[in-house]
4 protein chains.
Amino acid sequence: MIDEARRLAPRFAARAAGYDSDGAFPVDDFADLRAAGLFGLMVPERLGGAGAGFADYARVAYELARGNGATALIFNMHASVTGALSGVTDGLADALGLPPEALAARDQYLKAAANGSWYAVAMSERGAGSRLSEMTTTYRAVDGGFHLTGAKTFCSGAGHADAYLVAARSDADPAQVSQFLVPAGDGLRVEPTWDALGMRATGSHDLHVDVTVPVGALLGGVEGLALVVAQLAPHWMVASYAAVYVGVARAAVDAAVEHVTARKLGHLPAVRARIGRADAAVAAAHLAVLEAARRVDEAPGDAETNRWVWRAKLLAGTTAAEVSASMLEAAGTSAMRRGHPLERLYRDARAGSLQPATSDVCADWLGVEALGGDPDSEGSAPRW
Amino acid sequence: MIDEARRLAPRFAARAAGYDSDGAFPVDDFADLRAAGLFGLMVPERLGGAGAGFADYARVAYELARGNGATALIFNMHASVTGALSGVTDGLADALGLPPEALAARDQYLKAAANGSWYAVAMSERGAGSRLSEMTTTYRAVDGGFHLTGAKTFCSGAGHADAYLVAARSDADPAQVSQFLVPAGDGLRVEPTWDALGMRATGSHDLHVDVTVPVGALLGGVEGLALVVAQLAPHWMVASYAAVYVGVARAAVDAAVEHVTARKLGHLPAVRARIGRADAAVAAAHLAVLEAARRVDEAPGDAETNRWVWRAKLLAGTTAAEVSASMLEAAGTSAMRRGHPLERLYRDARAGSLQPATSDVCADWLGVEALGGDPDSEGSAPRW
Amino acid sequence: MIDEARRLAPRFAARAAGYDSDGAFPVDDFADLRAAGLFGLMVPERLGGAGAGFADYARVAYELARGNGATALIFNMHASVTGALSGVTDGLADALGLPPEALAARDQYLKAAANGSWYAVAMSERGAGSRLSEMTTTYRAVDGGFHLTGAKTFCSGAGHADAYLVAARSDADPAQVSQFLVPAGDGLRVEPTWDALGMRATGSHDLHVDVTVPVGALLGGVEGLALVVAQLAPHWMVASYAAVYVGVARAAVDAAVEHVTARKLGHLPAVRARIGRADAAVAAAHLAVLEAARRVDEAPGDAETNRWVWRAKLLAGTTAAEVSASMLEAAGTSAMRRGHPLERLYRDARAGSLQPATSDVCADWLGVEALGGDPDSEGSAPRW
Amino acid sequence: MIDEARRLAPRFAARAAGYDSDGAFPVDDFADLRAAGLFGLMVPERLGGAGAGFADYARVAYELARGNGATALIFNMHASVTGALSGVTDGLADALGLPPEALAARDQYLKAAANGSWYAVAMSERGAGSRLSEMTTTYRAVDGGFHLTGAKTFCSGAGHADAYLVAARSDADPAQVSQFLVPAGDGLRVEPTWDALGMRATGSHDLHVDVTVPVGALLGGVEGLALVVAQLAPHWMVASYAAVYVGVARAAVDAAVEHVTARKLGHLPAVRARIGRADAAVAAAHLAVLEAARRVDEAPGDAETNRWVWRAKLLAGTTAAEVSASMLEAAGTSAMRRGHPLERLYRDARAGSLQPATSDVCADWLGVEALGGDPDSEGSAPRW
């Protein structure tokens, strides 16, 4: 699968300028991903997937992002959904007391992914951000299922996915927050709000939800599981972007090398020094991402694993921003023209530190942790 | 005039998003500048202008840039032309042996500026950059004047100015590089190549020149003066951008304060620290620009003056880039949406270090100078 | 006086390694200062002094610090005492209702300074830092004067000054904090605690106070004035160090230039770039210090003045640390040997950000201020 | 062995202030190393050693440096000698055409190490640095061996080692540079020149050589092998310090956490942010060192291995300097007192970027390499 990702990256790169310019969903990249079977990356082999772990995912995401960071970010959402679903093993389901129908539904969704379906995530809301405890989208039981009502934002790939993971709060018992997998179609309306500095092709528009879903759409088959699942898989919320931004940073180094070589600027000492320092910084951030991912597979939820997850996010975000800025300076004015890879990578990279958890929040989390406090509840800035 | 610039800045700011989005020349801003008499800023009072010095210019440019950096950059080119023309005093003209017709022409061009004409600069060429010694645009004497042929790039305001300062090399004697003031009209063709990361509204397109001009268009009335004039007024080539980028940086701090206040994020310590450090950095860079400008007026060409000119450029470029990036992080994801002032300022600010002399070239120049070398001829990177 | 300071600086520089190595008070530097009349710098001319303002002081301190930062820091304490005393004009004394004896005492202390006495400051206490509101040193009225008891720390020049400014709290009314000028002699005991990374020659030892002073030692002649005076002259507490650290930073650039020239390393591009960037950074920080000082003279206590005072401290501290580190890297391993100017300057410079108000506190203060808050009472870190 | 290193580190830490203050060789630390069998770390098991590889070494060095960086640096020289000797396998010896006596000598030296002897390195010379091609120390054949004459500098542990690796040039054929293992004793004179900012306890004094050694002291038994061996084991010259400096950086974070906790400063947001960012930076640099070390074992000399070696050195040097400076700021003024761990760590850490290859040289090397050049021969700064 990593080889497939490597094979696709140059194709993505060739299309990236166009999707970025139009702020358009990368239709052809996703056709490539489907054809390469990458939608089944996180699906267990018994269901027709590649049975990848988190470390495999991180490697794939890095390679895809070297082609187009925006494509990798949307793919990341699908990987999160299928990865989290796959993480609900039969053993865990048993421990959580999930009904057999829930397992059947899980398998069905995963099988569909292996067969070429992909899922987006509609979690964030204006005001609440991605904090589940603050959700205002609600659901209520109706004949044969549930009716969901609300408005979501930052829904990458909105309007293109086959289904959407929607977090909502129970009308009847506001303490319960549940996740639903809502199929594309009537009842979901995309409001094209996404027109951003970078990562323009993610199409992270608003999604208005006013839809009835069957009982099977309730993930886990039991209400109120959203927070439990989030706590079991925090790496998807914090660390999964990290691989993407390191890939973007590496793409910036590569683009600078190509530009500088073509323009015969490689003899300039300042250019060399910038490229040398950038290369080392990206390589180190990449190691941190791989280390975090390795530990997520080996010891999910361990204190040291979580520490690495936050370190990875912090390092990826800051490195991407600093490296892409320095590479633009190494390349010079001509790289500022729209359509030049560095022009786009510079904007895309900037989003890394800003995506939650932001770099400032990560630094605070790590500081509280190092000082022996509880970084999830203390802290001078709001957590996600 | 500074008060006028302050008065106009909010008007420019209100229009900036539109011009940026379209990459369109700021027509209304320039109408405002004309109406306020700012085209006559550098014109001596005896010719109907404000008789401003370089320090006055730096103050005006800073204020204009707080409204729209792109507008300020185009204005900077006009100020350079009129400022350099005004700098050719009768005494200097005498010393250079300029003919009386040249002085009459000078006065005519300056009077026209005081009356509402404005001039653009068509100096840079692909490959040559802004180095006069490398120009490939040529001219030859023809009946009643000169014929100029060539292609220019990075011509801010192309297609909108009343006349263009064009640098060209003599066909007959390639050692001679001269400057002409070419009126808008037939023989000048704009090729819309400017579509850049930042400073989009400068419309710094390519300009194709194939035009005959009267004798009076030859500035100074004597061929081969271009390098002499450049050496007499290096501050226009290195330092005049600096005031603009400090204005952009201050605008970024102001926009962050406004955003953070509106979103009630001012209690976050990381946000405070970012804004506090940014405020100090911008204030210091601003002082450096004013100090350079003050010295340009008092002791043009002195070693210490030149040192300040290069320091100002270096500090303005690096400060603008760092401050605008940090302010975006302080403001958060919502400030990344197109149309948000910080989204534009972040891109505009990035151009500062890249405009010649780049930050890396400035650092090298200053280092050679501090070490007792000749920074204009030695150096590990090409000078302008 | 600035010329005198410039004349003395090379003499200080020649002795600096010795005093640093021994952590010894710079006896010969202070003999030079006395001989040059610099103890009278801040004393009004009518009392035999130079009648300097704060801006003059900042210039002198910068020049002295280029010779030896530690000497300049001790001198700074004397300048603070005499500057603050001179700041109590007859008009202000009237407004504060000070008794005539207090004015006579003021004049006597200032005259003594003009005649060669110098004063140290014993304000900080362990735990309380330099916050007057936290002082635990106390005084009580006794026959013919007051008795003071307590322990002070960070008393630069302890054991060498002619008198010490001691802040103490009234035994009878703990709300009253007063300042006394305590003559050297019995009742003051120096505990040699100062053995620090940098600024070793300041001899900022602990001072144990158990002493009876005459009535006239109570500054202002009225109890409880300490906080009022501090608020009237905040620049002495925040900004007066700034000039010293910029001088240290400039000395580091100069030492690097000398070292690099002697070793013939000036052709190395990385060395040039480091020196060029350092030169610009120091120049900008210096301007900020001078601007703050100018405003302190022109509009003491104004909001914009205070802003500049905090900016100056922040910029001086961070610039000194960054520049001296980079200059050491430019010079290479041989500059790490003890006795090499850069080895000492690197350690001395480090103290700048740590001296109150620390750089982190300055950043917070400026951020709160920019966001429209009250930076003296709000803030995420304790003020002084 | 890593456990042993972990066990010893706190003992080293407890003694570090004393050795640092006196600039004294860490006698007790070396007794501990001997007792723990660590002198045999790099010695093959068949000769009584631990048979460690480079990755094992990097782990041990990191742990030792958390106790005392200076001790770890001296140990590094011994590890380099024994590691390089162990690297001359029988197969390699065959390929190089080494005589059987040379293998016997190799085994004898390694056995002695396993039994408690340790070796220092006397390679650098004033002027030549550590570049073998510039050595001025010479040797000539004499009855029964060789006579060596010259002066070395930066010889860590001078006066305490059991033998010294001395590089010298043949009197008869200046193209030949050979390495000798010279036993301690007559003919070697230590000149105590080492009195440095940091890493004071390494005692890296000058060593004057005027000594006759037996034939067996010529390493490899063949003249002129020095450059060959250096090229076969570049990691010892570039990367082996890296682990030490990352250990020092981690010690600085730990010391800051301890200080901040004791002083109850952990609630300050700026302190948290500093510690959080430092933790992530050190963790990433550590990964880079381990990655380089792993690759040295797996694919010594590969292009990608060498890239990691240079990256590791660059990252370790810059991270150590930045982190220790920030930790000192987090801890505040009281951590500047001599004897405080952070005061020492700050000085020790500073040496990292300056030790060859310096950070600037590393950046240039990596830049040339990324641009497809030959970083060992091209480059704007001298290589080692």
# chains A, B, ... in the order shown; residues from 1 in each chain; ligands from 1
$ closest_atom_pairs --of "stretch 214-330 of chain D" --to "stretch 307-326 of chain C" --cutoff "10 Å" --atoms "only C-alpha atoms" --output "CSV"
residue,atom,partner,partner_atom,distance
D:Ala321,CA,C:Ala325,CA,8.7
D:Glu322,CA,C:Ala325,CA,9.6
D:Ala325,CA,C:Ala321,CA,8.7
$ closest_atom_pairs --of "chain D" --to "chain C" --cutoff "8 Å" --atoms "only C-alpha atoms" --output "CSV"
residue,atom,partner,partner_atom,distance
D:Trp194,CA,C:Arg337,CA,7.3
D:Asp195,CA,C:Arg338,CA,5.7
D:Ala196,CA,C:Arg337,CA,4.2
D:Leu197,CA,C:Met336,CA,5.3
D:Gly198,CA,C:Met336,CA,7.6
D:Leu268,CA,C:Ala381,CA,6.2
D:Pro269,CA,C:Ser380,CA,7.0
D:Ala270,CA,C:Asp360,CA,6.5
D:Glu329,CA,C:Leu354,CA,6.2
D:Gly332,CA,C:Leu354,CA,5.8
D:Thr333,CA,C:Leu354,CA,5.5
D:Met336,CA,C:Leu197,CA,5.3
D:Arg337,CA,C:Ala196,CA,4.2
D:Arg338,CA,C:Ala196,CA,5.0
D:Glu343,CA,C:Leu197,CA,6.2
D:Ala351,CA,C:Thr333,CA,7.6
D:Ser353,CA,C:Glu329,CA,7.2
D:Leu354,CA,C:Thr333,CA,5.5
D:Gln355,CA,C:Thr333,CA,6.7
D:Asp360,CA,C:Ala270,CA,6.5
D:Ser380,CA,C:Leu268,CA,6.8
D:Ala381,CA,C:Leu268,CA,6.1
$ select_by_dssp --residues "stretch 140-242 of chain D" --states "strand (DSSP E or B)" --output "CSV table (one decimal) with N, CA and C atoms, in the first residue's frame"
chain,number,residue,atom,x,y,z
D,140,ARG,N,59.3,9.2,12.5
D,140,ARG,CA,60.3,8.6,11.6
D,140,ARG,C,60.7,7.3,12.2
D,141,ALA,N,61.1,6.4,11.3
D,141,ALA,CA,61.5,5.0,11.8
D,141,ALA,C,62.8,5.1,12.5
D,142,VAL,N,62.8,4.4,13.7
D,142,VAL,CA,64.1,4.3,14.5
D,142,VAL,C,64.3,2.8,14.8
D,145,GLY,N,61.3,0.6,16.2
D,145,GLY,CA,60.0,1.3,16.3
D,145,GLY,C,60.0,2.6,15.6
D,146,PHE,N,59.3,3.6,16.2
D,146,PHE,CA,59.2,4.9,15.6
D,146,PHE,C,59.4,6.0,16.6
D,147,HIS,N,59.9,7.1,16.1
D,147,HIS,CA,59.9,8.3,17.0
D,147,HIS,C,58.9,9.3,16.5
D,148,LEU,N,58.1,9.8,17.5
D,148,LEU,CA,57.0,10.8,17.1
D,148,LEU,C,57.4,12.1,17.8
D,149,THR,N,57.1,13.2,17.0
D,149,THR,CA,57.4,14.6,17.5
D,149,THR,C,56.3,15.5,17.1
D,150,GLY,N,55.8,16.3,18.0
D,150,GLY,CA,54.7,17.3,17.6
D,150,GLY,C,53.9,17.7,18.8
D,151,ALA,N,52.9,18.5,18.5
D,151,ALA,CA,52.1,19.1,19.6
D,151,ALA,C,50.6,18.9,19.2
D,152,LYS,N,49.9,18.4,20.1
D,152,LYS,CA,48.4,18.1,19.9
D,152,LYS,C,47.6,19.0,20.8
D,153,THR,N,46.4,19.3,20.4
D,153,THR,CA,45.5,20.1,21.3
D,153,THR,C,44.2,19.4,21.4
D,154,PHE,N,43.3,19.9,22.3
D,154,PHE,CA,42.0,19.3,22.5
D,154,PHE,C,42.1,17.8,22.8
D,155,CYS,N,43.0,17.4,23.6
D,155,CYS,CA,43.1,16.0,23.9
D,155,CYS,C,42.4,15.7,25.2
D,163,ALA,N,46.6,5.1,27.3
D,163,ALA,CA,47.4,5.3,26.1
D,163,ALA,C,46.6,6.3,25.2
D,164,TYR,N,47.3,6.8,24.2
D,164,TYR,CA,46.8,7.9,23.3
D,164,TYR,C,46.9,7.5,21.9
D,165,LEU,N,45.8,7.7,21.2
D,165,LEU,CA,45.8,7.5,19.7
D,165,LEU,C,46.4,8.8,19.1
D,166,VAL,N,47.6,8.7,18.5
D,166,VAL,CA,48.3,9.9,18.0
D,166,VAL,C,48.4,9.8,16.5
D,167,ALA,N,47.9,10.8,15.8
D,167,ALA,CA,48.0,10.8,14.3
D,167,ALA,C,49.3,11.6,14.0
D,168,ALA,N,50.1,11.0,13.0
D,168,ALA,CA,51.3,11.7,12.7
D,168,ALA,C,51.6,11.4,11.2
D,169,ARG,N,52.5,12.3,10.7
D,169,ARG,CA,52.8,12.2,9.3
D,169,ARG,C,54.3,11.7,9.1
D,170,SER,N,54.5,10.9,8.1
D,170,SER,CA,55.8,10.3,7.9
D,170,SER,C,56.8,11.4,7.5
D,177,VAL,N,50.0,9.4,6.4
D,177,VAL,CA,49.6,9.7,7.7
D,177,VAL,C,49.2,8.4,8.4
D,178,SER,N,49.8,8.2,9.6
D,178,SER,CA,49.6,7.0,10.3
D,178,SER,C,49.1,7.3,11.7
D,179,GLN,N,48.5,6.2,12.3
D,179,GLN,CA,48.0,6.4,13.7
D,179,GLN,C,48.8,5.4,14.6
D,180,PHE,N,49.2,6.0,15.8
D,180,PHE,CA,49.9,5.2,16.8
D,180,PHE,C,49.2,5.1,18.1
D,181,LEU,N,49.3,4.0,18.8
D,181,LEU,CA,48.7,4.0,20.1
D,181,LEU,C,49.9,4.1,21.1
D,182,VAL,N,50.1,5.3,21.7
D,182,VAL,CA,51.2,5.6,22.5
D,182,VAL,C,50.9,5.5,24.0
D,183,PRO,N,51.6,4.6,24.7
D,183,PRO,CA,51.3,4.4,26.1
D,183,PRO,C,51.6,5.7,26.9
D,188,LEU,N,55.5,12.0,26.8
D,188,LEU,CA,54.3,12.8,26.6
D,188,LEU,C,54.2,13.8,27.7
D,189,ARG,N,53.9,15.1,27.4
D,189,ARG,CA,53.9,16.1,28.4
D,189,ARG,C,52.5,16.9,28.2
D,190,VAL,N,51.8,17.0,29.3
D,190,VAL,CA,50.5,17.7,29.2
D,190,VAL,C,50.7,19.1,29.5
D,191,GLU,N,50.3,20.0,28.7
D,191,GLU,CA,50.3,21.4,28.9
D,191,GLU,C,48.9,21.9,29.2
D,196,ALA,N,37.8,26.3,29.7
D,196,ALA,CA,36.8,26.7,28.7
D,196,ALA,C,35.4,27.0,29.3
D,205,HIS,N,43.4,19.3,27.3
D,205,HIS,CA,44.6,20.1,27.3
D,205,HIS,C,45.5,19.8,26.0
D,206,ASP,N,46.5,20.5,25.9
D,206,ASP,CA,47.5,20.2,24.8
D,206,ASP,C,48.4,19.1,25.3
D,207,LEU,N,48.9,18.3,24.3
D,207,LEU,CA,49.8,17.2,24.6
D,207,LEU,C,51.0,17.3,23.7
D,208,HIS,N,52.1,17.4,24.3
D,208,HIS,CA,53.4,17.5,23.6
D,208,HIS,C,54.0,16.1,23.5
D,209,VAL,N,54.3,15.8,22.3
D,209,VAL,CA,54.7,14.4,22.0
D,209,VAL,C,56.2,14.4,21.5
D,210,ASP,N,57.0,13.7,22.2
D,210,ASP,CA,58.4,13.5,21.8
D,210,ASP,C,58.9,12.2,22.4
D,211,VAL,N,58.5,11.1,21.6
D,211,VAL,CA,58.5,9.8,22.2
D,211,VAL,C,58.8,8.7,21.2
D,212,THR,N,59.5,7.7,21.7
D,212,THR,CA,59.8,6.5,20.8
D,212,THR,C,58.8,5.4,21.2
D,213,VAL,N,58.2,4.8,20.2
D,213,VAL,CA,57.3,3.7,20.5
D,213,VAL,C,57.7,2.4,19.7
D,214,PRO,N,57.3,1.3,20.2
D,214,PRO,CA,57.7,0.0,19.5
D,214,PRO,C,56.9,-0.1,18.2
D,218,LEU,N,52.2,1.0,15.8
D,218,LEU,CA,51.6,1.5,14.6
D,218,LEU,C,50.4,0.7,14.3
$ closest_residue --among "D:Ala370, D:Val253, D:Val282, D:Leu33" --to "D:Ala303" --atoms "only C-alpha atoms"
D:Ala370
$ residues_around --residues "A:Thr202" --least-positions-apart "6" --cutoff "9 Å" --atoms "only C-alpha atoms" --output "list in words"
Asp20, Gly23, Ala24, Phe25, Pro26, Gly69, Ala70, Thr71, Ala72, Leu73, Ile74, Cys155, Ser156, Gly157, Ala158 and Trp194 of chain A
$ residues_around --residues "stretch 55-63 of chain C" --least-positions-apart "6" --cutoff "9 Å" --atoms "only C-alpha atoms" --output "MDAnalysis selection string"
chainID C and resid 1:9 41:42 69 72:73 75:76 79 240:248 250 286 289:297
$ write_last_selection --atoms "C-alpha atoms" --output "short mmCIF file (atom, residue, chain, number, x, y, z; two decimals), in the first residue's frame"
data_model
loop_
_atom_site.label_atom_id
_atom_site.label_comp_id
_atom_site.auth_asym_id
_atom_site.auth_seq_id
_atom_site.Cartn_x
_atom_site.Cartn_y
_atom_site.Cartn_z
CA MET C 1 29.98 62.60 29.54
CA ILE C 2 29.29 60.26 26.60
CA ASP C 3 32.76 61.02 25.34
CA GLU C 4 34.13 60.19 28.77
CA ALA C 5 32.25 56.90 28.71
CA ARG C 6 33.65 56.13 25.27
CA ARG C 7 37.12 56.92 26.51
CA LEU C 8 36.79 54.62 29.50
CA ALA C 9 35.22 51.66 27.72
CA LEU C 41 25.97 62.30 35.78
CA MET C 42 22.38 62.53 37.03
CA GLY C 69 28.58 45.08 31.25
CA ALA C 72 27.72 49.33 33.72
CA LEU C 73 25.12 47.39 35.74
CA PHE C 75 26.76 52.08 37.76
CA ASN C 76 23.15 51.75 36.70
CA ALA C 79 22.34 56.32 38.36
CA SER C 240 17.67 51.11 32.68
CA TYR C 241 19.19 47.65 32.23
CA ALA C 242 18.21 47.64 28.59
CA ALA C 243 20.95 50.04 27.52
CA VAL C 244 23.50 47.89 29.31
CA TYR C 245 22.51 44.71 27.50
CA VAL C 246 22.49 46.36 24.11
CA GLY C 247 26.01 47.55 24.85
CA VAL C 248 26.99 43.99 25.73
CA ARG C 250 27.34 45.33 20.45
CA HIS C 286 19.68 50.11 20.37
CA VAL C 289 16.38 51.77 23.93
CA LEU C 290 17.11 55.30 22.76
CA GLU C 291 13.50 55.84 21.77
CA ALA C 292 12.27 54.67 25.17
CA ALA C 293 14.80 56.91 26.89
CA ARG C 294 13.88 59.91 24.78
CA ARG C 295 10.22 59.49 25.64
CA VAL C 296 10.96 59.03 29.34
CA ASP C 297 12.49 62.50 29.30
#
$ select_by_dssp --residues "stretch 65-265 of chain A" --states "alpha helix (DSSP H)" --output "PyMOL selection string"
chain A and resi 65-67+69-87+90-96+100-114+226-232+234-238+240-262
$ atom_distance --atom1 "atom CA of B:Ala284" --atom2 "atom CA of C:Cys362"
14.8 Å
$ atom_distance --atom1 "atom CA of A:Met327" --atom2 "atom CA of A:Ala201"
22.1 Å
$ decode --residues "stretch 217-291 of chain C" --atoms "C-alpha atoms" --output "PDB file, in the first residue's frame"
ATOM      1  CA  ALA C 217      18.177  58.978  56.011  1.00  0.00           C
ATOM      2  CA  LEU C 218      14.464  58.603  55.383  1.00  0.00           C
ATOM      3  CA  LEU C 219      14.162  59.667  51.771  1.00  0.00           C
ATOM      4  CA  GLY C 220      11.528  62.314  51.244  1.00  0.00           C
ATOM      5  CA  GLY C 221      11.268  62.878  54.961  1.00  0.00           C
ATOM      6  CA  VAL C 222       7.868  61.223  55.009  1.00  0.00           C
ATOM      7  CA  GLU C 223       7.159  57.546  55.538  1.00  0.00           C
ATOM      8  CA  GLY C 224       5.445  55.386  52.910  1.00  0.00           C
ATOM      9  CA  LEU C 225       6.756  57.048  49.775  1.00  0.00           C
ATOM     10  CA  ALA C 226       8.492  54.039  48.235  1.00  0.00           C
ATOM     11  CA  LEU C 227       5.632  52.910  46.032  1.00  0.00           C
ATOM     12  CA  VAL C 228       4.818  56.435  44.914  1.00  0.00           C
ATOM     13  CA  VAL C 229       8.382  57.038  43.818  1.00  0.00           C
ATOM     14  CA  ALA C 230       8.560  53.662  42.074  1.00  0.00           C
ATOM     15  CA  GLN C 231       5.434  54.506  40.115  1.00  0.00           C
ATOM     16  CA  LEU C 232       6.826  57.886  39.182  1.00  0.00           C
ATOM     17  CA  ALA C 233      10.036  56.360  37.839  1.00  0.00           C
ATOM     18  CA  PRO C 234       9.228  52.909  36.482  1.00  0.00           C
ATOM     19  CA  HIS C 235      11.812  53.342  33.731  1.00  0.00           C
ATOM     20  CA  TRP C 236      14.603  52.941  36.253  1.00  0.00           C
ATOM     21  CA  MET C 237      13.241  49.558  37.238  1.00  0.00           C
ATOM     22  CA  VAL C 238      12.490  48.204  33.787  1.00  0.00           C
ATOM     23  CA  ALA C 239      14.397  50.093  31.154  1.00  0.00           C
ATOM     24  CA  SER C 240      17.674  51.108  32.675  1.00  0.00           C
ATOM     25  CA  TYR C 241      19.192  47.650  32.235  1.00  0.00           C
ATOM     26  CA  ALA C 242      18.215  47.641  28.591  1.00  0.00           C
ATOM     27  CA  ALA C 243      20.949  50.045  27.515  1.00  0.00           C
ATOM     28  CA  VAL C 244      23.505  47.889  29.305  1.00  0.00           C
ATOM     29  CA  TYR C 245      22.508  44.706  27.502  1.00  0.00           C
ATOM     30  CA  VAL C 246      22.486  46.360  24.107  1.00  0.00           C
ATOM     31  CA  GLY C 247      26.007  47.550  24.851  1.00  0.00           C
ATOM     32  CA  VAL C 248      26.986  43.991  25.727  1.00  0.00           C
ATOM     33  CA  ALA C 249      25.443  42.748  22.476  1.00  0.00           C
ATOM     34  CA  ARG C 250      27.344  45.327  20.451  1.00  0.00           C
ATOM     35  CA  ALA C 251      30.537  44.340  22.229  1.00  0.00           C
ATOM     36  CA  ALA C 252      29.888  40.743  21.170  1.00  0.00           C
ATOM     37  CA  VAL C 253      29.557  41.768  17.520  1.00  0.00           C
ATOM     38  CA  ASP C 254      32.742  43.802  17.767  1.00  0.00           C
ATOM     39  CA  ALA C 255      34.609  40.933  19.434  1.00  0.00           C
ATOM     40  CA  ALA C 256      33.447  38.528  16.754  1.00  0.00           C
ATOM     41  CA  VAL C 257      34.565  40.866  13.997  1.00  0.00           C
ATOM     42  CA  GLU C 258      37.990  41.175  15.620  1.00  0.00           C
ATOM     43  CA  HIS C 259      38.318  37.421  16.143  1.00  0.00           C
ATOM     44  CA  VAL C 260      37.129  36.527  12.666  1.00  0.00           C
ATOM     45  CA  THR C 261      39.435  39.076  11.099  1.00  0.00           C
ATOM     46  CA  ALA C 262      42.444  37.857  13.070  1.00  0.00           C
ATOM     47  CA  ARG C 263      41.692  34.236  12.169  1.00  0.00           C
ATOM     48  CA  LYS C 264      41.025  35.137   8.531  1.00  0.00           C
ATOM     49  CA  LEU C 265      37.554  33.561   8.604  1.00  0.00           C
ATOM     50  CA  GLY C 266      35.810  36.511   7.008  1.00  0.00           C
ATOM     51  CA  HIS C 267      35.442  34.753   3.669  1.00  0.00           C
ATOM     52  CA  LEU C 268      33.109  32.117   5.158  1.00  0.00           C
ATOM     53  CA  PRO C 269      29.543  32.894   4.061  1.00  0.00           C
ATOM     54  CA  ALA C 270      27.973  31.526   7.243  1.00  0.00           C
ATOM     55  CA  VAL C 271      30.201  33.790   9.333  1.00  0.00           C
ATOM     56  CA  ARG C 272      29.281  36.823   7.247  1.00  0.00           C
ATOM     57  CA  ALA C 273      25.593  36.092   7.462  1.00  0.00           C
ATOM     58  CA  ARG C 274      25.760  35.688  11.230  1.00  0.00           C
ATOM     59  CA  ILE C 275      27.605  38.972  11.662  1.00  0.00           C
ATOM     60  CA  GLY C 276      25.330  40.814   9.258  1.00  0.00           C
ATOM     61  CA  ARG C 277      22.148  39.674  10.970  1.00  0.00           C
ATOM     62  CA  ALA C 278      23.623  40.359  14.404  1.00  0.00           C
ATOM     63  CA  ASP C 279      24.640  43.863  13.404  1.00  0.00           C
ATOM     64  CA  ALA C 280      21.113  44.688  12.268  1.00  0.00           C
ATOM     65  CA  ALA C 281      19.503  43.172  15.361  1.00  0.00           C
ATOM     66  CA  VAL C 282      21.728  45.086  17.754  1.00  0.00           C
ATOM     67  CA  ALA C 283      21.227  48.314  15.847  1.00  0.00           C
ATOM     68  CA  ALA C 284      17.448  47.945  16.065  1.00  0.00           C
ATOM     69  CA  ALA C 285      17.466  47.111  19.765  1.00  0.00           C
ATOM     70  CA  HIS C 286      19.676  50.113  20.368  1.00  0.00           C
ATOM     71  CA  LEU C 287      17.216  52.388  18.599  1.00  0.00           C
ATOM     72  CA  ALA C 288      14.422  51.001  20.768  1.00  0.00           C
ATOM     73  CA  VAL C 289      16.381  51.769  23.927  1.00  0.00           C
ATOM     74  CA  LEU C 290      17.114  55.300  22.760  1.00  0.00           C
ATOM     75  CA  GLU C 291      13.500  55.838  21.767  1.00  0.00           C
TER      76      GLU C 291
END
